[in-house]
Structures are given as C-alpha cells and as structure tokens.
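Working notes, structure below.
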Amino acid sequence: MKNTREKMRLASVAGVAVIGLTLAGCSSGSSASDDAKTGQDSRGPITYVQGKDNSNVVRPLIAKWNKAHPDEKVTFKEQSDQADQQHDDLVQHFQAKDDGYDVVDVDVVWTAEFAAKSWLTPLTGDMALDTSKLLPSTVKTATYNDTLYAAPQTSDGALLYYRKDLVKTPPTTWADMMQDCSIAKDAGIGCYAGQFAKYEGLTVNASEAVNGSGGSILNAKGAPDVDTSKAKAGLQNLVDAFKDGNIPAEAITYQEEQGRTAFEDGKLLFLRNWPYVYNLAKTDGSSKVKDTFGIAPIPGADGVGASTLGGHNAAISVYSKHKATAHDFLEFLISNDTQKFFATQGSLAPVIGDLYTDSELTAKLPYLPTLLESIKSAEPRPVTPFYPAVTKAIQDNSYAALKGSKSVDEAMKDMDAALKSATSSN
C-alpha cells in the first residue's frame, strides 16, 4: 500500500513540472464576484474531486459524511494519479463553468493560479473558516493576496535521514553536514543526496538550498529575487558538494525513490526526503538500515533549514450551486477526527498542530514531532499564478549549474531573467 501511495505522491510532485499551460491574466469583474456568491446559502448533493485514492482514505471519509448527511451526500469524482492530468482536468472544468465540480483538491502550488483566475470561492464572510488550530505555514499555502481561498487539507515537509550508527549527533547546519562527509568517505559510502534530476523535485531542493541560506526565489510581492548573494550561496552549496564528491555524481539522476533505495542499501550517510521513507526504511525486507537510521530536520546555514512545504488544499469552485454544503464539507476535512484518519490511514501529515504531539499518533508515527519542527520552518514553493513557467526557470538553471554547464552567477542571472519573463506574463 505504501508503494502505491508513494507513486501517487511522486506523481503529484513530478507532474507539476510538465504542465505547459500558458497562464492568462487574473479574471476580474462582476461576473466572477456573482459566481462566487451564488449558492452560498444553498444546500444539497455535491461532488468532491481528487486524484486516485490509492490508500483508501477518501472513500471511508465520504461514507462517514454521507451517513450523517443523507440529504447532502457527497459523490467522489476520482481523477488519475498523474498530477498534470489532474491539473488539466480541473482547468477544463473551470473553463467550462461546470457546476458539477463542487469541492476540488488542489496541490498547494495550484492555489494561487486558480485563485488569480477567480475559479475558487474566497473563504470570507459566510464562507469563512476557523484556521486558528491549523499550522500557520499550511494556511499560507491556501492564501492568495491576503485572502483565504482553500482549506489546508494535508501537509508535508522534508526530513534528514542519517546513519546514527556512524553519526552520533545529526548535523544542525549545512557546513556541519559537509564536515561529516569525511565519515562517509572513511566508510566507503556516499555522503548526501536529495532529488536533483530535472523535474519538480529539483525545484524543491533548489528552493530549500536558497531559502536555507537566507535567500528567496520570489519576494513577498511575487517579483524575482534570486540574483542576490544569499540566493547564490545556497545554490553554490549544492554545486560545491557535487564538485567535491560529497554529493555522489549519480545523484544528478535521483528522484525520491532512487535516493530512498540508495539509503536503504546502506550507500548513503545522509538523505533528504519526505516522511514516507521512514516506514519503508523500517519495514522493507531489503532495507539494510532499518535499525541504524535516525531522523532530524534538514540543516540550513545557521540551524534548522527551510524545508519546502508540500501538501494539498481543498477549495470550493465558484460554480458550485451548493456552497453551504461545500463549506461544511471543508470543515469536516479539517476536523480532528478526519485529520487523525489522514495520518493513520494514509501516512499524510496533518494540518492541525496539536496532533503532532498526540500520544496515539506519535506511537504509530514516531517521526511526527520532528516533522512538525520541519513544517514550522518550512516555506512554500514560489506562490504565483505563473507557477509552471516559474518552476521551469528554476529547474533549467539549477540543473545547468549542478552539471557545470553554467556558473552559479550565470545560472542565477539567467534564472532571474526567465522569472521576470514568467511573472510579467499577461
């Protein structure tokens, strides 16, 4: 089950990179406002749209809802397990003003795009949600232009997996980790790996390197901010690690699973990856490190690094005719019981902070307190309605720097130019 669940998660991460949609400008005018207000007092059957439910999380929850709400039943519209197909399916139905897609599951990097196009109902006024119990970083991913457009549904953050039989105390800074690479060399194994193939995982890892050094990809206003000394220092850390072998040369091809396999085979001292690796490294029969690995937050320049925040949000389509029911369904998704079920049934990171210290959950998922530390310091991928072009600019130029075909200065200047072009699109 975990392998199938991970295929779905990897598709969600990798698929964003291949979205080639040309983004139009933000929708405006009375028609969009009228669509958002229509049906806010109306109740009735609704449809919930999400990618493939490989872990059997959605169906039991909807059955529970339907038993309690016989006059407001939810129908599950299951999409494919490919994120680009999920994205394009939502776009097509939004463009057609389809009222059959009431509540939609959106990757955190799609929220700004869909909100900017006036396809999502602002969660204000009668549609407002109480987010006080939710992790602030998750609320940030559901917010665009200071307005909440979705309910944070699940989260995710990076962890540093390390060999505790070789390193007694995990490194707290990037420099400390690079010093520990001498231990890996003495042991005849690779030191560190993340996700460095040219796909969405590289956007994640490059963003973490930049943010962890105090830089940023886009500033608070959504303008490019990479041609700076701090941003360059972050990418330079990765380039230097490849040059001196602290990151093995083969890691330039790594996505999540290649790194996990290498770590489980005992070929790496450190691995940056997602929480799903924990249970697999503990339970896989072929894992050589099931009793010898530990977990820690990813390191940054001066302490805990800035993990890239993952996860999904649930939003109400402006074309839904039964927004009152849709609103209540969002509240159901962020309730304590539902969030616990997400964690135990699907190994999905909850959005409620208190659950990370819940004794029942931590007994089953001991990585939760460390994951909470990661999520609290996490940064979302660039929040922009032009995300497909933005992530391409990051990947193309970061990859060129890692491969040595561009210097870091050249890569960042080119990235800056590509980001300016992307974010100024009309």
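Chain labels A, B, ... are given in the sequence in which chains occur in the structure tokens; within each chain residues are numbered consecutively from 1, and ligands are likewise numbered from 1 in the order shown.
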Which neighbours of Pro45 in chain A fall inside 7 Å, counting only C-alpha atoms, when residues of the same chain fewer than 6 positions from it are skipped, and could you give them as a VMD selection string? chain A and resid 71 to 74
Keeping only all heavy atoms, write those residues as an mmCIF file, in the first residue's frame.
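The file below, selection32.cif, is the result:
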```cif
data_model
loop_
_atom_site.group_PDB
_atom_site.id
_atom_site.type_symbol
_atom_site.label_atom_id
_atom_site.label_comp_id
_atom_site.auth_asym_id
_atom_site.auth_seq_id
_atom_site.Cartn_x
_atom_site.Cartn_y
_atom_site.Cartn_z
ATOM 1 N N ASP A 71 -29.212 14.046 3.118
ATOM 2 C CA ASP A 71 -29.766 14.974 2.140
ATOM 3 C C ASP A 71 -28.692 15.840 1.476
ATOM 4 O O ASP A 71 -29.004 16.685 0.627
ATOM 5 C CB ASP A 71 -30.811 15.891 2.810
ATOM 6 C CG ASP A 71 -32.005 15.105 3.333
ATOM 7 O OD1 ASP A 71 -32.387 14.110 2.685
ATOM 8 O OD2 ASP A 71 -32.541 15.485 4.400
ATOM 9 N N GLU A 72 -27.459 15.648 1.898
ATOM 10 C CA GLU A 72 -26.350 16.443 1.348
ATOM 11 C C GLU A 72 -25.177 15.514 1.023
ATOM 12 O O GLU A 72 -24.047 15.753 1.402
ATOM 13 C CB GLU A 72 -25.899 17.521 2.337
ATOM 14 C CG GLU A 72 -26.982 18.501 2.729
ATOM 15 C CD GLU A 72 -26.517 19.462 3.818
ATOM 16 O OE1 GLU A 72 -25.797 20.420 3.485
ATOM 17 O OE2 GLU A 72 -26.840 19.225 5.000
ATOM 18 N N LYS A 73 -25.486 14.454 0.297
ATOM 19 C CA LYS A 73 -24.470 13.436 0.042
ATOM 20 C C LYS A 73 -23.362 13.946 -0.873
ATOM 21 O O LYS A 73 -23.582 14.775 -1.760
ATOM 22 C CB LYS A 73 -25.121 12.185 -0.559
ATOM 23 C CG LYS A 73 -25.941 11.389 0.451
ATOM 24 C CD LYS A 73 -26.376 10.048 -0.104
ATOM 25 C CE LYS A 73 -27.075 9.220 0.972
ATOM 26 N NZ LYS A 73 -27.477 7.888 0.459
ATOM 27 N N VAL A 74 -22.179 13.409 -0.640
ATOM 28 C CA VAL A 74 -21.008 13.740 -1.440
ATOM 29 C C VAL A 74 -20.716 12.576 -2.386
ATOM 30 O O VAL A 74 -20.663 11.418 -1.962
ATOM 31 C CB VAL A 74 -19.784 14.017 -0.552
ATOM 32 C CG1 VAL A 74 -18.530 14.215 -1.406
ATOM 33 C CG2 VAL A 74 -20.027 15.236 0.327
#
```
Check the DSSP output for the backbone and give back, as a list in words, the residues of range 92-231 of chain A in strand (DSSP E or B). Val103, Val104, Asp105, Val106, Asp107, Leu120, Leu134, Thr143, Tyr144, Thr147, Leu148, Ala151, Pro152, Gln153, Thr154, Ser155, Asp156, Leu159, Leu160, Tyr161, Tyr162, Arg163, Thr173, Gly190, Cys191, Tyr192, Ala193, Leu218 and Pro224 of chain A
Export, as a compact mmCIF listing (two decimals), in the first residue's frame, the selected residues with N, CA, C and O atoms.
```txt
# COMPACT_ATOMS: atom_id res chain seq x y z
N VAL A 103 -16.28 20.71 -4.70
CA VAL A 103 -15.08 20.83 -3.88
C VAL A 103 -13.95 20.12 -4.59
O VAL A 103 -14.10 18.96 -5.01
N VAL A 104 -12.83 20.81 -4.78
CA VAL A 104 -11.73 20.25 -5.56
C VAL A 104 -10.46 20.22 -4.71
O VAL A 104 -10.18 21.14 -3.92
N ASP A 105 -9.70 19.16 -4.86
CA ASP A 105 -8.40 19.00 -4.19
C ASP A 105 -7.33 19.62 -5.08
O ASP A 105 -7.22 19.27 -6.26
N VAL A 106 -6.56 20.56 -4.53
CA VAL A 106 -5.55 21.24 -5.33
C VAL A 106 -4.19 21.14 -4.65
O VAL A 106 -4.08 21.31 -3.44
N ASP A 107 -3.17 20.85 -5.43
CA ASP A 107 -1.81 20.91 -4.93
C ASP A 107 -1.56 22.32 -4.42
O ASP A 107 -2.09 23.29 -4.96
N LEU A 120 -11.90 29.99 -7.62
CA LEU A 120 -12.11 29.49 -6.26
C LEU A 120 -12.91 30.50 -5.44
O LEU A 120 -12.69 31.71 -5.54
N LEU A 134 -4.90 25.51 12.95
CA LEU A 134 -4.09 24.98 11.85
C LEU A 134 -2.68 25.58 11.89
O LEU A 134 -2.47 26.70 12.36
N THR A 143 -3.57 30.72 0.88
CA THR A 143 -3.87 32.16 0.87
C THR A 143 -3.25 32.81 -0.37
O THR A 143 -2.11 32.54 -0.72
N TYR A 144 -4.02 33.68 -0.99
CA TYR A 144 -3.51 34.45 -2.14
C TYR A 144 -3.99 35.89 -2.00
O TYR A 144 -5.17 36.15 -1.75
N THR A 147 -6.03 36.73 1.07
CA THR A 147 -7.36 36.14 1.18
C THR A 147 -7.26 34.63 1.18
O THR A 147 -6.55 34.05 0.34
N LEU A 148 -7.98 33.98 2.10
CA LEU A 148 -8.00 32.51 2.15
C LEU A 148 -8.93 31.99 1.06
O LEU A 148 -10.08 32.39 0.97
N ALA A 151 -9.08 25.31 2.12
CA ALA A 151 -8.83 24.73 3.44
C ALA A 151 -7.59 23.86 3.35
O ALA A 151 -7.55 22.92 2.55
N PRO A 152 -6.55 24.15 4.13
CA PRO A 152 -5.40 23.23 4.15
C PRO A 152 -5.89 21.84 4.54
O PRO A 152 -6.58 21.68 5.55
N GLN A 153 -5.57 20.87 3.72
CA GLN A 153 -6.09 19.52 3.95
C GLN A 153 -5.02 18.55 4.46
O GLN A 153 -5.23 17.84 5.44
N THR A 154 -3.89 18.52 3.79
CA THR A 154 -2.75 17.72 4.26
C THR A 154 -1.48 18.53 4.03
O THR A 154 -1.44 19.42 3.18
N SER A 155 -0.45 18.21 4.78
CA SER A 155 0.81 18.93 4.65
C SER A 155 1.93 17.94 4.36
O SER A 155 1.71 16.74 4.23
N ASP A 156 3.15 18.43 4.29
CA ASP A 156 4.32 17.59 4.11
C ASP A 156 5.56 18.46 4.32
O ASP A 156 5.52 19.66 4.03
N LEU A 159 12.61 15.74 5.67
CA LEU A 159 13.37 15.22 6.81
C LEU A 159 14.77 14.85 6.35
O LEU A 159 14.98 14.50 5.19
N LEU A 160 15.71 14.92 7.28
CA LEU A 160 17.06 14.43 7.02
C LEU A 160 17.19 13.04 7.66
O LEU A 160 17.08 12.89 8.87
N TYR A 161 17.38 12.04 6.83
CA TYR A 161 17.64 10.68 7.30
C TYR A 161 19.14 10.51 7.42
O TYR A 161 19.89 10.90 6.52
N TYR A 162 19.59 9.94 8.54
CA TYR A 162 21.03 9.80 8.74
C TYR A 162 21.35 8.48 9.42
O TYR A 162 20.51 7.88 10.10
N ARG A 163 22.57 8.04 9.24
CA ARG A 163 23.02 6.78 9.83
C ARG A 163 23.50 7.04 11.26
O ARG A 163 24.62 7.51 11.49
N THR A 173 23.71 22.25 10.81
CA THR A 173 23.96 23.22 9.75
C THR A 173 24.50 22.50 8.53
O THR A 173 25.01 21.38 8.62
N GLY A 190 28.54 7.00 -0.10
CA GLY A 190 28.25 8.37 -0.46
C GLY A 190 27.83 9.17 0.76
O GLY A 190 27.35 8.61 1.75
N CYS A 191 27.97 10.49 0.67
CA CYS A 191 27.64 11.31 1.84
C CYS A 191 26.18 11.76 1.84
O CYS A 191 25.42 11.39 2.72
N TYR A 192 25.79 12.54 0.85
CA TYR A 192 24.48 13.19 0.90
C TYR A 192 23.79 13.11 -0.45
O TYR A 192 24.44 13.21 -1.49
N ALA A 193 22.50 12.96 -0.42
CA ALA A 193 21.71 13.03 -1.66
C ALA A 193 20.33 13.60 -1.36
O ALA A 193 19.81 13.48 -0.25
N LEU A 218 11.26 34.22 -5.07
CA LEU A 218 10.44 35.40 -5.31
C LEU A 218 10.30 36.16 -4.00
O LEU A 218 10.28 35.56 -2.92
N PRO A 224 10.91 38.37 -8.89
CA PRO A 224 12.13 37.57 -8.80
C PRO A 224 13.13 38.17 -7.82
O PRO A 224 13.30 39.39 -7.75
```
Which is closest to Gln86 in chain A among A:Thr253, A:Thr357, A:Thr283, A:Gln50, if we use only C-alpha atoms?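 Nearest candidate to Gln86 in chain A out of A:Thr253, A:Thr357, A:Thr283, A:Gln50: A:Gln50.
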Excluding same-chain residues fewer than 2 positions from Lys221 in chain A, what lies within 10 Å of it counting only C-alpha atoms, as a list in words?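 Residues meeting the cut-off are Asn145, Leu218, Asn219, Ala223, Pro224, Val383 and Thr384 of chain A.
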Surrounding residues of Gly194 in chain A excluding itself and chain neighbours under 4 positions, 12 Å, only C-alpha atoms, as a PyMOL selection string: chain A and resi 158-161+190+201-206+208-209+238+241-242+246-263+268-274+298
Considering only C-alpha atoms, return as a ChimeraX atom specification whatever protein or nucleic-acid residues lie within 6 Å of range 52-59 of chain A, sequence-local ones (same chain, fewer than 5 positions apart) excluded. /A:5,78-81,346
Would you export the selected residues with C-alpha atoms as a CSV table (one decimal), in the first residue's frame, please?
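Listing of result_39.csv after writing:
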```
chain,number,residue,atom,x,y,z
A,5,ARG,CA,0.7,5.6,-2.1
A,78,GLU,CA,-11.7,10.2,-8.8
A,79,GLN,CA,-9.1,11.6,-11.1
A,80,SER,CA,-6.0,9.8,-12.4
A,81,ASP,CA,-2.8,9.5,-10.3
A,346,GLY,CA,-2.7,7.4,4.6
```
For Val277 in chain A, which residue among A:Asp291, A:Gly305, A:Ala326, A:Tyr367 is the nearest when counting only C-alpha atoms?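 Of the candidates, the smallest distance to Val277 in chain A is held by A:Tyr367.
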Counting only C-alpha atoms, the residue of A:Glu373, A:Asp414, A:Asp358, A:Asp186 that sits nearest Pro299 in chain A: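 Ranking A:Glu373, A:Asp414, A:Asp358, A:Asp186 by distance to Pro299 in chain A, first place goes to A:Glu373.
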Name all residues at most 9 Å from range 368-370 of chain A (count only C-alpha atoms; drop same-chain ones fewer than 5 positions away) and give them as a list in words.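 With the cut-off at 9 Å, the set is Leu159, Pro275, Ile295, Ala296, Pro297, Ala349, Leu355, Tyr356, Thr357, Leu361, Thr362 and Ile375 of chain A.
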Generate the output file for the selected residues, C-alpha atoms, as a CSV table (one decimal), in the first residue's frame.
```csv
chain,number,residue,atom,x,y,z
A,159,LEU,CA,13.4,15.2,6.8
A,275,PRO,CA,8.3,11.3,5.7
A,295,ILE,CA,15.7,11.4,11.5
A,296,ALA,CA,16.3,15.1,12.0
A,297,PRO,CA,15.2,18.4,10.4
A,349,ALA,CA,0.9,14.9,7.5
A,355,LEU,CA,-1.9,16.3,16.5
A,356,TYR,CA,1.9,16.2,16.2
A,357,THR,CA,2.2,15.6,19.9
A,361,LEU,CA,-0.5,9.2,16.7
A,362,THR,CA,3.2,9.5,17.8
A,375,ILE,CA,6.9,22.1,8.8
```
Can you tell me, as a ChimeraX atom specification, which residues in range 32-73 of chain A count as alpha helix (DSSP H) by DSSP? /A:32-37,58-68
With distances taken over only C-alpha atoms, which of A:Leu129, A:Ile334, A:Met415, A:Ala301 is nearest to Gly234 in chain A? A:Ala301
Which of A:Asp165, A:Asp244, A:Asp337, A:Asp35 sits closest to Asp99 in chain A [using only C-alpha atoms]: A:Asp35
Point-to-point distance in Å for CA of Arg381 in chain A and CA of Ser307 in chain A: 9.7 Å
Using only C-alpha atoms, find the one residue out of A:His93, A:His69, A:Lys392, A:Lys321 that sits nearest to Thr38 in chain A.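 Closest to Thr38 in chain A, using only C-alpha atoms: A:Lys321.
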Could you check how far CA of Pro380 in chain A sits from CA of Lys420 in chain A, in Å to one decimal?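 Computing the Euclidean distance for CA of Pro380 in chain A and CA of Lys420 in chain A yields 19.3 Å.
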Can you tell me which residues surround Pro350 in chain A at a distance of at most 7 Å, considering only C-alpha atoms, apart from same-chain residues fewer than 2 positions away, and format the answer as a PDB file with C-alpha atoms, in the first residue's frame?
```pdb
ATOM      1  CA  THR A 154      -2.751  17.718   4.264  1.00  0.00           C
ATOM      2  CA  SER A 155       0.809  18.928   4.652  1.00  0.00           C
ATOM      3  CA  GLN A 339      -7.013  14.707  10.259  1.00  0.00           C
ATOM      4  CA  PHE A 342      -5.462  11.040   7.177  1.00  0.00           C
ATOM      5  CA  ALA A 343      -2.386  10.381   9.319  1.00  0.00           C
ATOM      6  CA  LEU A 348      -0.455  12.040   5.428  1.00  0.00           C
ATOM      7  CA  ILE A 352      -3.545  20.637  12.985  1.00  0.00           C
TER       8      ILE A 352
END
```
Any idea what the distance is between CA of Ala233 in chain A and CA of Gly404 in chain A?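 One can read the CA of Ala233 in chain A to CA of Gly404 in chain A distance as 15.7 Å.
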